[in-house]
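Visitor: What follows is a structure written as structure tokens; I'll ask about it next.
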Amino acid sequence: MDILVCVTRVPDTAENEIEVSKDGTDIERGALVYSINEADNYAVEEAIQIKERVGGSVTVVTVGTEESEEVLRREMAMGADKGILLTDDAFAGTDGRGIATILKAEVEKGKYDLILTGALADAGAGEVGGMLAAMLDRPYASLVNSIEIVDESTLKVGREVEGGNTEMNRIKLPCVLSIQTGINEPRYVGIRGIRQVASVQIPVHGAGDLGLKAEAIAPRVQRQDYFVPTFGAGAEMLEGSNEEIIEKLVEMLKAKGGLK
Amino acid sequence: MAGQIYVYIAHKGGVIDDTALELIAAAKKIDPAARPIAVVTGSGAELDQVCAEAAKSYSQVVKLASPALAHPNAEVVRKALLAILPKDAVILMPHGYLGMDLSPGLSVKLDSTYVADAIDLEKTADGKLKAVRQEYGGQVSTHVLCRMDDGIVINVRPGAFSPDESRSAGGQVVDKSGELGDLAASREFLELVQAAVGDVDITKSDVLVAVGRGIGDQENLEIAEELAAAVGGVVCCSRPIVDAKWLEKSRQVGTSGQTVKPKVYLACGISGSFQHLGGIKGNPFIVAINKNPKAPIFQVADVGIVADVVEFLPELTERIQEG
Ligand SMILES: Cc1cc2nc3c(=O)[nH]c(=O)nc-3n(C[C@H](O)[C@H](O)[C@H](O)COP(=O)(O)OP(=O)(O)OC[C@H]3O[C@@H](n4cnc5c(N)ncnc54)[C@H](O)[C@@H]3O)c2cc1C
Ligand SMILES: Nc1ncnc2c1ncn2[C@@H]1O[C@H](COP(=O)(O)O)[C@@H](O)[C@H]1O
């Protein structure tokens, strides 16, 4: 099975405190640690496991900047056969619809039986996979947490739904699936693995190569600003030495029935 | 001029979802004079029940009945909606498990704009939509701006708007099932598999020690277990802990996990994403311990402590053990 996995490079929220920049037009990017989007790493692992079972190939693709190459190499070190970087000044500032449009143009240059995306990226939208599927006229399932290959043209996939339940679906290939975190245990990637793919050529395609006109990727949804939300009254912050804090907390817990 | 506002009504087992009334409030944010039309898909007597309930709050309810719509399969629902919705429709969907599956593709097929997971809405003076969204797991918010006049699909976060409870519409149910046409799909619903029952039932405990990614290491779960033992509670967790296979899925609190109603909830190294908070009900006393003073959890907690959980929890346990 030939599988394409769409991946993206994002600020790692486990490693960073995200703050709004002074003028409110962006987040503070200076000291951010970037990594592959968490769900995308699960998607790549899933693709590699499918390839290990039935053969085929795994390609990782991203729409980004030159810096996005590092996530492609990381996923190649993990076991993806090929990486493709889609980059162009014209891509900057596009929206999810634009990203899906760019990806569609690349998909049409190849022949993929299965396309995987992550369930969600940093903007919390979860939109690119569903849009790409609709543009390609392929069936789609989101929030997939299990994949079973039934035969050459059919998959049985589990979709996560409310309450930890799973909705089982039969879906025809070729299709697009968005992969939810926790579907597998992504393998470890060491420095050595990354070194091994350091010199592999990564094809780079721009708007011209993909036959994309500016209006096709003009953003429909435009971010105006960033701000820090405030909900409710906020917590009463306990301050002082740990000892003092713990005394106060123990009193509160007793009062609230949190201590037996 | 934006088009007519349509609201997709989510329902289950013949019971209308809370979002049905929340989305009326959302529609009125776009246009105070809006008379949104409800769209209900499904089959059988359950569907009629839901339509009747929706008609109390919507002046018009479009009923779309078909055995193929008995379970809300996004591909089939999309075909049904495309059969009856005008291209310039303003469509409000709950951002739940169906909305996430359906709306991105629906917007492409309608050639409409899509806004995911909106938590607030407003119409600007020049007729555009200004929506509030959250990014980076709720750490920052943004305003996004887009046109509405060529059609738009807006997924609205469940619970973001207070329900419009007036129920004064006395509306009509219009059956448009005849317009549905071919609903054949390449994705077929097979069955719903219930979540496995785990070793501990976290829904039964009055005191929960909840651990999140901030616990850092699987070995550190022990300090949470010790605290839970000291306070007579049990350990539950956020999703990354389950994804990492450190705890069973049955310990996960949130929209894709368990709903809990404890008296006291100690959130340790949890950022406070809406998917996690969605599983905490019954207004417990929430204590948040997090090293980031700006973590969103501090906005919903009753008491906050800025500390490293790995250092703080053992000290707290020790003090409690002293009695
Ligand atoms: C469809 C869908 C469903 C989901 N369902 C759920 C669900 O049911 N339940 C759920 O929990 N999530 C769910 N999620 C995931 C959710 O979006 C968040 O990613 C998740 O809740 C984050 O978990 P966390 O707070 O533990 O981790 P993070 O967001 O990574 O936060 C870790 C926190 O720990 C703090 N920290 C780090 N180190 C320390 C330390 N040493 N001491 C103190 N604090 C520290 C950090 O400051 C940070 O605030 C779902 C996501 C999707 C897309
Ligand atoms: N710039 C990008 N390049 C490639 N894939 C992307 C990009 N942005 C998003 N995706 C894919 O779409 C998924 C969902 O992202 P989003 O719709 O932005 O939440 C991600 O997990 C990726 O698989």
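Order determines the names: the first chain of the structure tokens is A, the second B, and so forth; residues in each chain are numbered 1 upward, and ligands are numbered 1 upward as they are shown.
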Give the residue list for ligand 2 at 6 Å, counting only C-alpha atoms and all ligand atoms, as a PyMOL selection string, sorted by chain and then by residue number.
Guide: chain A and resi 6-8+39-40+61-64+96+99+117-121+123-129
Visitor: Using the selection just defined, write its residues with N, CA and C atoms as a compact mmCIF listing (two decimals), in the first residue's frame.
Guide:
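Output file selection.txt is given in full below:
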```txt
# COMPACT_ATOMS: atom_id res chain seq x y z
N CYS A 6 0.50 13.45 5.87
CA CYS A 6 0.67 14.90 5.93
C CYS A 6 1.11 15.28 7.34
N VAL A 7 2.24 15.96 7.42
CA VAL A 7 2.77 16.29 8.74
C VAL A 7 3.04 17.79 8.81
N THR A 8 3.10 18.29 10.03
CA THR A 8 3.37 19.71 10.18
C THR A 8 4.23 19.99 11.41
N ALA A 39 -0.08 14.39 16.87
CA ALA A 39 -0.93 13.41 16.19
C ALA A 39 -0.28 12.92 14.89
N ASP A 40 0.49 13.80 14.23
CA ASP A 40 1.12 13.42 12.96
C ASP A 40 2.16 12.32 13.18
N VAL A 61 4.78 14.38 3.76
CA VAL A 61 4.74 15.66 3.05
C VAL A 61 4.35 16.77 4.01
N THR A 62 4.94 17.94 3.81
CA THR A 62 4.53 19.07 4.64
C THR A 62 4.49 20.34 3.82
N VAL A 63 3.58 21.21 4.19
CA VAL A 63 3.54 22.56 3.64
C VAL A 63 4.17 23.45 4.70
N GLY A 64 5.28 24.07 4.39
CA GLY A 64 5.93 24.85 5.43
C GLY A 64 7.06 25.68 4.88
N GLY A 96 -6.39 26.85 6.49
CA GLY A 96 -6.53 25.39 6.39
C GLY A 96 -7.00 24.96 5.00
N ILE A 99 -4.03 25.13 2.73
CA ILE A 99 -3.12 24.00 2.96
C ILE A 99 -3.66 22.75 2.26
N THR A 117 -3.66 12.01 7.93
CA THR A 117 -3.30 13.29 8.56
C THR A 117 -3.39 13.07 10.06
N GLY A 118 -2.96 14.06 10.84
CA GLY A 118 -3.21 14.04 12.26
C GLY A 118 -4.62 14.52 12.52
N ALA A 119 -5.15 14.23 13.70
CA ALA A 119 -6.51 14.65 14.03
C ALA A 119 -6.59 16.17 14.17
N LEU A 120 -5.51 16.76 14.65
CA LEU A 120 -5.56 18.16 15.06
C LEU A 120 -4.13 18.70 15.08
N ALA A 121 -3.97 19.98 14.69
CA ALA A 121 -2.65 20.61 14.83
C ALA A 121 -2.76 21.78 15.80
N ALA A 123 -3.46 24.93 15.72
CA ALA A 123 -4.56 25.89 15.75
C ALA A 123 -5.87 25.24 16.21
N GLY A 124 -5.81 23.96 16.54
CA GLY A 124 -6.98 23.31 17.11
C GLY A 124 -8.16 23.21 16.16
N ALA A 125 -7.90 23.15 14.85
CA ALA A 125 -9.00 23.16 13.90
C ALA A 125 -9.44 21.76 13.50
N GLY A 126 -8.49 20.90 13.18
CA GLY A 126 -8.85 19.55 12.72
C GLY A 126 -9.61 19.59 11.41
N GLU A 127 -9.13 20.41 10.47
CA GLU A 127 -9.91 20.63 9.25
C GLU A 127 -9.23 20.14 7.98
N VAL A 128 -7.89 20.09 7.97
CA VAL A 128 -7.18 19.86 6.70
C VAL A 128 -7.54 18.49 6.08
N GLY A 129 -7.59 17.44 6.91
CA GLY A 129 -7.87 16.10 6.39
C GLY A 129 -9.23 16.01 5.71
```
Visitor: Just the residues within 8 Å of Pro284 in chain B, please, counting only C-alpha atoms, with nothing from its chain fewer than 6 positions along; format it as a ChimeraX atom specification.
Guide: /B:261-265
Visitor: Which residues, written as a list in words, have at least one atom at most 9 Å from range 36-38 of chain A, with only C-alpha atoms counted and residues fewer than 6 positions away on the same chain left out?
Guide: Val7, Thr8, Arg9, Val10, Pro11, Asp12, Ser68, Glu70, Val71, Leu72, Arg74, Glu75, Gly118, Leu120, Ala121, Asp122 and Thr181 of chain A
Visitor: Can you list, as a PyMOL selection string, every residue of range 12-221 of chain A that DSSP puts in strand (DSSP E)?
Guide: chain A and resi 34-36+57-63+82-86+114-118+140-151+154-160+166-172+175-179+204-205
Visitor: Would you list which chain A residues are within 6 Å of chain B using only C-alpha atoms, as a CSV table (one decimal) with all heavy atoms, in the first residue's frame?
Guide:
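Ended up saving to selection-v7.csv:
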```csv
chain,number,residue,atom,x,y,z
A,122,ASP,N,-1.8,22.7,15.8
A,122,ASP,CA,-1.6,23.7,16.8
A,122,ASP,C,-2.8,24.7,16.9
A,122,ASP,O,-3.1,25.2,17.9
A,122,ASP,CB,-0.3,24.4,16.6
A,122,ASP,CG,-0.1,24.9,15.2
A,122,ASP,OD1,-0.8,24.5,14.3
A,122,ASP,OD2,0.9,25.7,15.0
A,123,ALA,N,-3.5,24.9,15.7
A,123,ALA,CA,-4.6,25.9,15.7
A,123,ALA,C,-5.9,25.2,16.2
A,123,ALA,O,-6.9,25.9,16.3
A,123,ALA,CB,-4.8,26.5,14.4
A,124,GLY,N,-5.8,24.0,16.5
A,124,GLY,CA,-7.0,23.3,17.1
A,124,GLY,C,-8.2,23.2,16.2
A,124,GLY,O,-9.3,23.2,16.6
A,125,ALA,N,-7.9,23.2,14.9
A,125,ALA,CA,-9.0,23.2,13.9
A,125,ALA,C,-9.4,21.8,13.5
A,125,ALA,O,-10.6,21.5,13.5
A,125,ALA,CB,-8.6,24.0,12.7
A,127,GLU,N,-9.1,20.4,10.5
A,127,GLU,CA,-9.9,20.6,9.2
A,127,GLU,C,-9.2,20.1,8.0
A,127,GLU,O,-9.9,19.8,7.0
A,127,GLU,CB,-10.2,22.1,9.1
A,127,GLU,CG,-9.0,23.0,9.0
A,127,GLU,CD,-9.3,24.5,9.1
A,127,GLU,OE1,-10.4,24.9,9.4
A,127,GLU,OE2,-8.3,25.3,8.9
A,130,GLY,N,-10.2,16.5,6.4
A,130,GLY,CA,-11.6,16.4,5.8
A,130,GLY,C,-11.8,17.3,4.6
A,130,GLY,O,-12.5,16.9,3.6
A,131,MET,N,-11.1,18.4,4.5
A,131,MET,CA,-11.1,19.3,3.3
A,131,MET,C,-10.4,18.6,2.2
A,131,MET,O,-10.9,18.6,1.0
A,131,MET,CB,-10.5,20.6,3.6
A,131,MET,CG,-11.3,21.5,4.6
A,131,MET,SD,-10.4,23.0,4.9
A,131,MET,CE,-11.7,24.0,5.6
A,134,ALA,N,-12.5,15.8,0.7
A,134,ALA,CA,-13.6,16.3,-0.1
A,134,ALA,C,-13.1,16.8,-1.4
A,134,ALA,O,-13.7,16.6,-2.5
A,134,ALA,CB,-14.4,17.4,0.7
A,142,SER,N,-12.6,10.7,10.5
A,142,SER,CA,-11.8,11.5,11.4
A,142,SER,C,-11.6,10.7,12.7
A,142,SER,O,-12.3,9.8,13.0
A,142,SER,CB,-12.4,12.8,11.6
A,142,SER,OG,-13.6,12.6,12.3
A,161,VAL,N,-15.3,8.2,19.6
A,161,VAL,CA,-16.5,9.1,19.8
A,161,VAL,C,-16.6,9.3,21.3
A,161,VAL,O,-15.7,8.9,22.1
A,161,VAL,CB,-17.8,8.5,19.2
A,161,VAL,CG1,-17.8,8.5,17.7
A,161,VAL,CG2,-18.0,7.1,19.7
A,162,GLU,N,-17.7,9.9,21.7
A,162,GLU,CA,-17.9,10.3,23.1
A,162,GLU,C,-17.6,9.2,24.1
A,162,GLU,O,-17.9,8.0,23.9
A,162,GLU,CB,-19.3,10.8,23.4
A,162,GLU,CG,-19.8,12.0,22.7
A,162,GLU,CD,-20.3,11.7,21.3
A,162,GLU,OE1,-20.2,10.6,20.8
A,162,GLU,OE2,-20.9,12.6,20.8
A,163,GLY,N,-17.1,9.6,25.3
A,163,GLY,CA,-17.1,8.7,26.4
A,163,GLY,C,-16.1,7.5,26.3
A,163,GLY,O,-16.2,6.5,27.0
A,164,GLY,N,-15.2,7.7,25.3
A,164,GLY,CA,-14.2,6.6,25.1
A,164,GLY,C,-14.7,5.4,24.3
A,164,GLY,O,-14.1,4.4,24.2
A,165,ASN,N,-15.9,5.6,23.7
A,165,ASN,CA,-16.5,4.5,22.9
A,165,ASN,C,-15.9,4.6,21.5
A,165,ASN,O,-15.3,5.6,21.1
A,165,ASN,CB,-18.0,4.7,22.8
A,165,ASN,CG,-18.7,4.6,24.2
A,165,ASN,OD1,-18.1,3.9,25.1
A,165,ASN,ND2,-19.8,5.3,24.3
A,166,THR,N,-16.0,3.6,20.7
A,166,THR,CA,-15.4,3.5,19.4
A,166,THR,C,-16.5,3.2,18.4
A,166,THR,O,-17.3,2.2,18.6
A,166,THR,CB,-14.3,2.5,19.4
A,166,THR,OG1,-13.3,2.8,20.4
A,166,THR,CG2,-13.6,2.5,18.0
A,167,GLU,N,-16.5,3.9,17.3
A,167,GLU,CA,-17.5,3.7,16.2
A,167,GLU,C,-16.7,2.9,15.1
A,167,GLU,O,-15.8,3.5,14.6
A,167,GLU,CB,-18.0,5.0,15.8
A,167,GLU,CG,-18.9,5.0,14.6
A,167,GLU,CD,-19.0,6.4,14.0
A,167,GLU,OE1,-18.2,6.7,13.1
A,167,GLU,OE2,-19.9,7.2,14.3
A,168,MET,N,-17.2,1.7,14.8
A,168,MET,CA,-16.5,1.0,13.8
A,168,MET,C,-17.1,1.3,12.4
A,168,MET,O,-18.3,1.3,12.3
A,168,MET,CB,-16.6,-0.5,14.1
A,168,MET,CG,-15.9,-1.0,15.4
A,168,MET,SD,-14.2,-0.5,15.6
A,168,MET,CE,-13.5,-1.3,14.2
A,169,ASN,N,-16.3,1.4,11.4
A,169,ASN,CA,-16.7,1.8,10.1
A,169,ASN,C,-16.0,0.9,9.0
A,169,ASN,O,-14.8,0.6,9.2
A,169,ASN,CB,-16.4,3.2,9.7
A,169,ASN,CG,-17.2,4.2,10.5
A,169,ASN,OD1,-18.3,4.6,10.1
A,169,ASN,ND2,-16.7,4.6,11.6
A,170,ARG,N,-16.6,0.6,7.9
A,170,ARG,CA,-16.0,0.0,6.8
A,170,ARG,C,-15.8,1.2,5.8
A,170,ARG,O,-16.7,1.9,5.6
A,170,ARG,CB,-16.8,-1.1,6.2
A,170,ARG,CG,-16.0,-2.1,5.4
A,170,ARG,CD,-16.9,-3.0,4.6
A,170,ARG,NE,-18.1,-3.6,5.2
A,170,ARG,CZ,-18.1,-4.7,6.0
A,170,ARG,NH1,-17.0,-5.4,6.2
A,170,ARG,NH2,-19.2,-5.1,6.5
A,171,ILE,N,-14.6,1.3,5.2
A,171,ILE,CA,-14.4,2.4,4.3
A,171,ILE,C,-13.6,1.9,3.1
A,171,ILE,O,-12.7,1.1,3.3
A,171,ILE,CB,-13.6,3.6,5.1
A,171,ILE,CG1,-13.6,4.9,4.3
A,171,ILE,CG2,-12.2,3.2,5.6
A,171,ILE,CD1,-13.3,6.1,5.1
A,172,LYS,N,-13.9,2.5,2.0
A,172,LYS,CA,-13.3,2.0,0.7
A,172,LYS,C,-12.0,2.8,0.5
A,172,LYS,O,-11.9,4.0,0.7
A,172,LYS,CB,-14.2,2.2,-0.5
A,172,LYS,CG,-15.4,1.4,-0.4
A,172,LYS,CD,-15.9,1.0,-1.8
A,172,LYS,CE,-17.1,0.0,-1.7
A,172,LYS,NZ,-18.4,0.7,-1.7
A,182,GLY,N,-2.6,8.2,20.5
A,182,GLY,CA,-2.8,7.0,21.3
A,182,GLY,C,-3.1,5.8,20.4
A,182,GLY,O,-3.2,4.7,21.0
A,220,ARG,N,-9.4,32.4,3.3
A,220,ARG,CA,-10.8,32.9,3.5
A,220,ARG,C,-10.9,33.3,5.0
A,220,ARG,O,-11.8,34.2,5.3
A,220,ARG,CB,-11.7,31.8,3.2
A,220,ARG,CG,-11.7,31.3,1.8
A,220,ARG,CD,-12.8,30.3,1.6
A,220,ARG,NE,-12.7,29.7,0.3
A,220,ARG,CZ,-13.7,29.3,-0.4
A,220,ARG,NH1,-14.9,29.4,0.1
A,220,ARG,NH2,-13.6,28.8,-1.6
A,221,VAL,N,-10.2,32.6,5.8
A,221,VAL,CA,-10.3,32.9,7.3
A,221,VAL,C,-9.0,33.6,7.7
A,221,VAL,O,-8.0,33.0,7.6
A,221,VAL,CB,-10.6,31.6,8.1
A,221,VAL,CG1,-10.7,31.9,9.5
A,221,VAL,CG2,-11.8,30.9,7.5
A,222,GLN,N,-9.1,34.8,8.2
A,222,GLN,CA,-7.9,35.5,8.6
A,222,GLN,C,-7.9,35.8,10.0
A,222,GLN,O,-8.8,36.4,10.6
A,222,GLN,CB,-7.8,36.8,7.7
A,222,GLN,CG,-7.2,36.5,6.4
A,222,GLN,CD,-7.1,37.7,5.5
A,222,GLN,OE1,-8.2,38.3,5.3
A,222,GLN,NE2,-6.0,38.0,5.0
A,223,ARG,N,-6.7,35.5,10.6
A,223,ARG,CA,-6.5,35.8,12.0
A,223,ARG,C,-6.3,37.2,12.2
A,223,ARG,O,-5.5,37.8,11.5
A,223,ARG,CB,-5.2,35.0,12.5
A,223,ARG,CG,-5.3,34.4,13.8
A,223,ARG,CD,-4.0,33.8,14.2
A,223,ARG,NE,-4.0,32.4,14.0
A,223,ARG,CZ,-3.3,31.7,13.1
A,223,ARG,NH1,-2.6,32.3,12.2
A,223,ARG,NH2,-3.4,30.4,13.1
A,224,GLN,N,-7.0,37.9,13.2
A,224,GLN,CA,-6.8,39.3,13.4
A,224,GLN,C,-5.8,39.6,14.5
A,224,GLN,O,-5.1,40.6,14.4
A,224,GLN,CB,-8.2,39.9,13.9
A,224,GLN,CG,-9.3,39.7,12.9
A,224,GLN,CD,-8.9,40.5,11.6
A,224,GLN,OE1,-8.9,41.7,11.6
A,224,GLN,NE2,-8.7,39.8,10.5
A,225,ASP,N,-5.8,38.8,15.5
A,225,ASP,CA,-4.9,39.0,16.6
A,225,ASP,C,-4.8,37.8,17.5
A,225,ASP,O,-5.4,36.8,17.2
A,225,ASP,CB,-5.5,40.2,17.5
A,225,ASP,CG,-6.9,39.8,18.0
A,225,ASP,OD1,-7.3,38.7,17.8
A,225,ASP,OD2,-7.5,40.7,18.7
A,226,TYR,N,-3.9,37.9,18.5
A,226,TYR,CA,-3.8,36.9,19.6
A,226,TYR,C,-4.1,37.6,20.9
A,226,TYR,O,-3.7,38.7,21.1
A,226,TYR,CB,-2.4,36.3,19.6
A,226,TYR,CG,-2.2,35.2,18.6
A,226,TYR,CD1,-1.6,35.5,17.4
A,226,TYR,CD2,-2.5,33.9,18.8
A,226,TYR,CE1,-1.3,34.6,16.4
A,226,TYR,CE2,-2.3,32.9,17.9
A,226,TYR,CZ,-1.7,33.2,16.7
A,226,TYR,OH,-1.5,32.3,15.8
A,227,PHE,N,-4.8,36.9,21.8
A,227,PHE,CA,-5.0,37.5,23.1
A,227,PHE,C,-5.1,36.4,24.1
A,227,PHE,O,-5.3,35.2,23.8
A,227,PHE,CB,-6.2,38.4,23.2
A,227,PHE,CG,-7.5,37.8,22.8
A,227,PHE,CD1,-8.4,37.4,23.9
A,227,PHE,CD2,-7.9,37.6,21.5
A,227,PHE,CE1,-9.6,36.8,23.6
A,227,PHE,CE2,-9.1,37.0,21.2
A,227,PHE,CZ,-10.0,36.6,22.3
A,228,VAL,N,-4.9,36.7,25.4
A,228,VAL,CA,-5.0,35.7,26.4
A,228,VAL,C,-6.4,35.7,27.0
A,228,VAL,O,-7.0,36.8,27.4
A,228,VAL,CB,-4.0,36.0,27.6
A,228,VAL,CG1,-4.2,35.0,28.7
A,228,VAL,CG2,-2.6,36.0,27.0
A,229,PRO,N,-7.1,34.6,26.9
A,229,PRO,CA,-8.5,34.5,27.3
A,229,PRO,C,-8.6,34.6,28.8
A,229,PRO,O,-7.7,34.2,29.5
A,229,PRO,CB,-8.9,33.2,26.8
A,229,PRO,CG,-7.7,32.3,26.7
A,229,PRO,CD,-6.6,33.3,26.4
A,231,PHE,N,-11.6,33.6,31.6
A,231,PHE,CA,-12.9,33.0,31.9
A,231,PHE,C,-13.1,33.0,33.4
A,231,PHE,O,-12.1,32.7,34.1
A,231,PHE,CB,-12.9,31.5,31.4
A,231,PHE,CG,-12.8,31.4,29.9
A,231,PHE,CD1,-11.6,30.9,29.4
A,231,PHE,CD2,-13.7,31.8,29.1
A,231,PHE,CE1,-11.4,30.7,28.1
A,231,PHE,CE2,-13.6,31.7,27.7
A,231,PHE,CZ,-12.4,31.1,27.2
A,234,GLY,N,-11.2,33.0,38.1
A,234,GLY,CA,-9.8,32.6,38.2
A,234,GLY,C,-9.6,32.1,39.6
A,234,GLY,O,-10.3,32.3,40.5
A,235,ALA,N,-8.5,31.3,39.7
A,235,ALA,CA,-8.2,30.6,41.0
A,235,ALA,C,-7.7,31.6,42.0
A,235,ALA,O,-7.0,32.6,41.7
A,235,ALA,CB,-7.2,29.5,40.7
A,236,GLU,N,-7.9,31.3,43.3
A,236,GLU,CA,-7.2,31.9,44.4
A,236,GLU,C,-5.8,31.3,44.4
A,236,GLU,O,-5.7,30.1,44.7
A,236,GLU,CB,-8.0,31.7,45.7
A,236,GLU,CG,-7.2,32.2,46.9
A,236,GLU,CD,-7.8,31.7,48.2
A,236,GLU,OE1,-9.0,31.2,48.2
A,236,GLU,OE2,-7.1,31.8,49.2
A,237,MET,N,-4.8,32.1,44.2
A,237,MET,CA,-3.5,31.5,44.1
A,237,MET,C,-2.9,31.5,45.5
A,237,MET,O,-2.8,32.5,46.2
A,237,MET,CB,-2.5,32.4,43.2
A,237,MET,CG,-3.0,32.5,41.7
A,237,MET,SD,-3.3,30.9,40.9
A,237,MET,CE,-1.6,30.4,40.6
A,238,LEU,N,-2.4,30.3,45.9
A,238,LEU,CA,-1.8,30.2,47.2
A,238,LEU,C,-0.3,30.5,47.1
A,238,LEU,O,0.4,30.0,46.2
A,238,LEU,CB,-1.9,28.8,47.7
A,238,LEU,CG,-3.4,28.3,47.9
A,238,LEU,CD1,-3.4,26.9,48.6
A,238,LEU,CD2,-4.2,29.3,48.8
A,258,GLY,N,-12.2,16.8,51.1
A,258,GLY,CA,-11.2,16.2,50.3
A,258,GLY,C,-10.2,15.4,51.1
A,258,GLY,O,-9.2,14.9,50.7
A,259,LEU,N,-10.5,15.3,52.4
A,259,LEU,CA,-9.6,14.5,53.3
A,259,LEU,C,-10.5,13.6,54.2
A,259,LEU,O,-11.4,14.1,54.8
A,259,LEU,CB,-8.8,15.5,54.2
A,259,LEU,CG,-7.5,16.0,53.6
A,259,LEU,CD1,-6.8,16.9,54.6
A,259,LEU,CD2,-6.6,14.9,53.1
A,260,LYS,N,-10.1,12.4,54.2
A,260,LYS,CA,-11.0,11.4,54.9
A,260,LYS,C,-10.4,11.2,56.3
A,260,LYS,O,-9.2,11.2,56.5
A,260,LYS,CB,-11.1,10.1,54.2
A,260,LYS,CG,-11.8,10.2,52.9
A,260,LYS,CD,-13.2,9.7,52.9
A,260,LYS,CE,-14.1,10.2,51.9
A,260,LYS,NZ,-13.9,9.8,50.6
```
Visitor: Considering only alpha helix (DSSP H) as DSSP defines it on the backbone, what residues of range 112-196 of chain A qualify? List them as a PyMOL selection string.
Guide: chain A and resi 128-136+191-196
Visitor: Rounded to one decimal in Å, what is the spacing between CA of Leu121 in chain B and CA of Ile30 in chain B?
Guide: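 Answer for the CA of Leu121 in chain B to CA of Ile30 in chain B separation: 6.3 Å.
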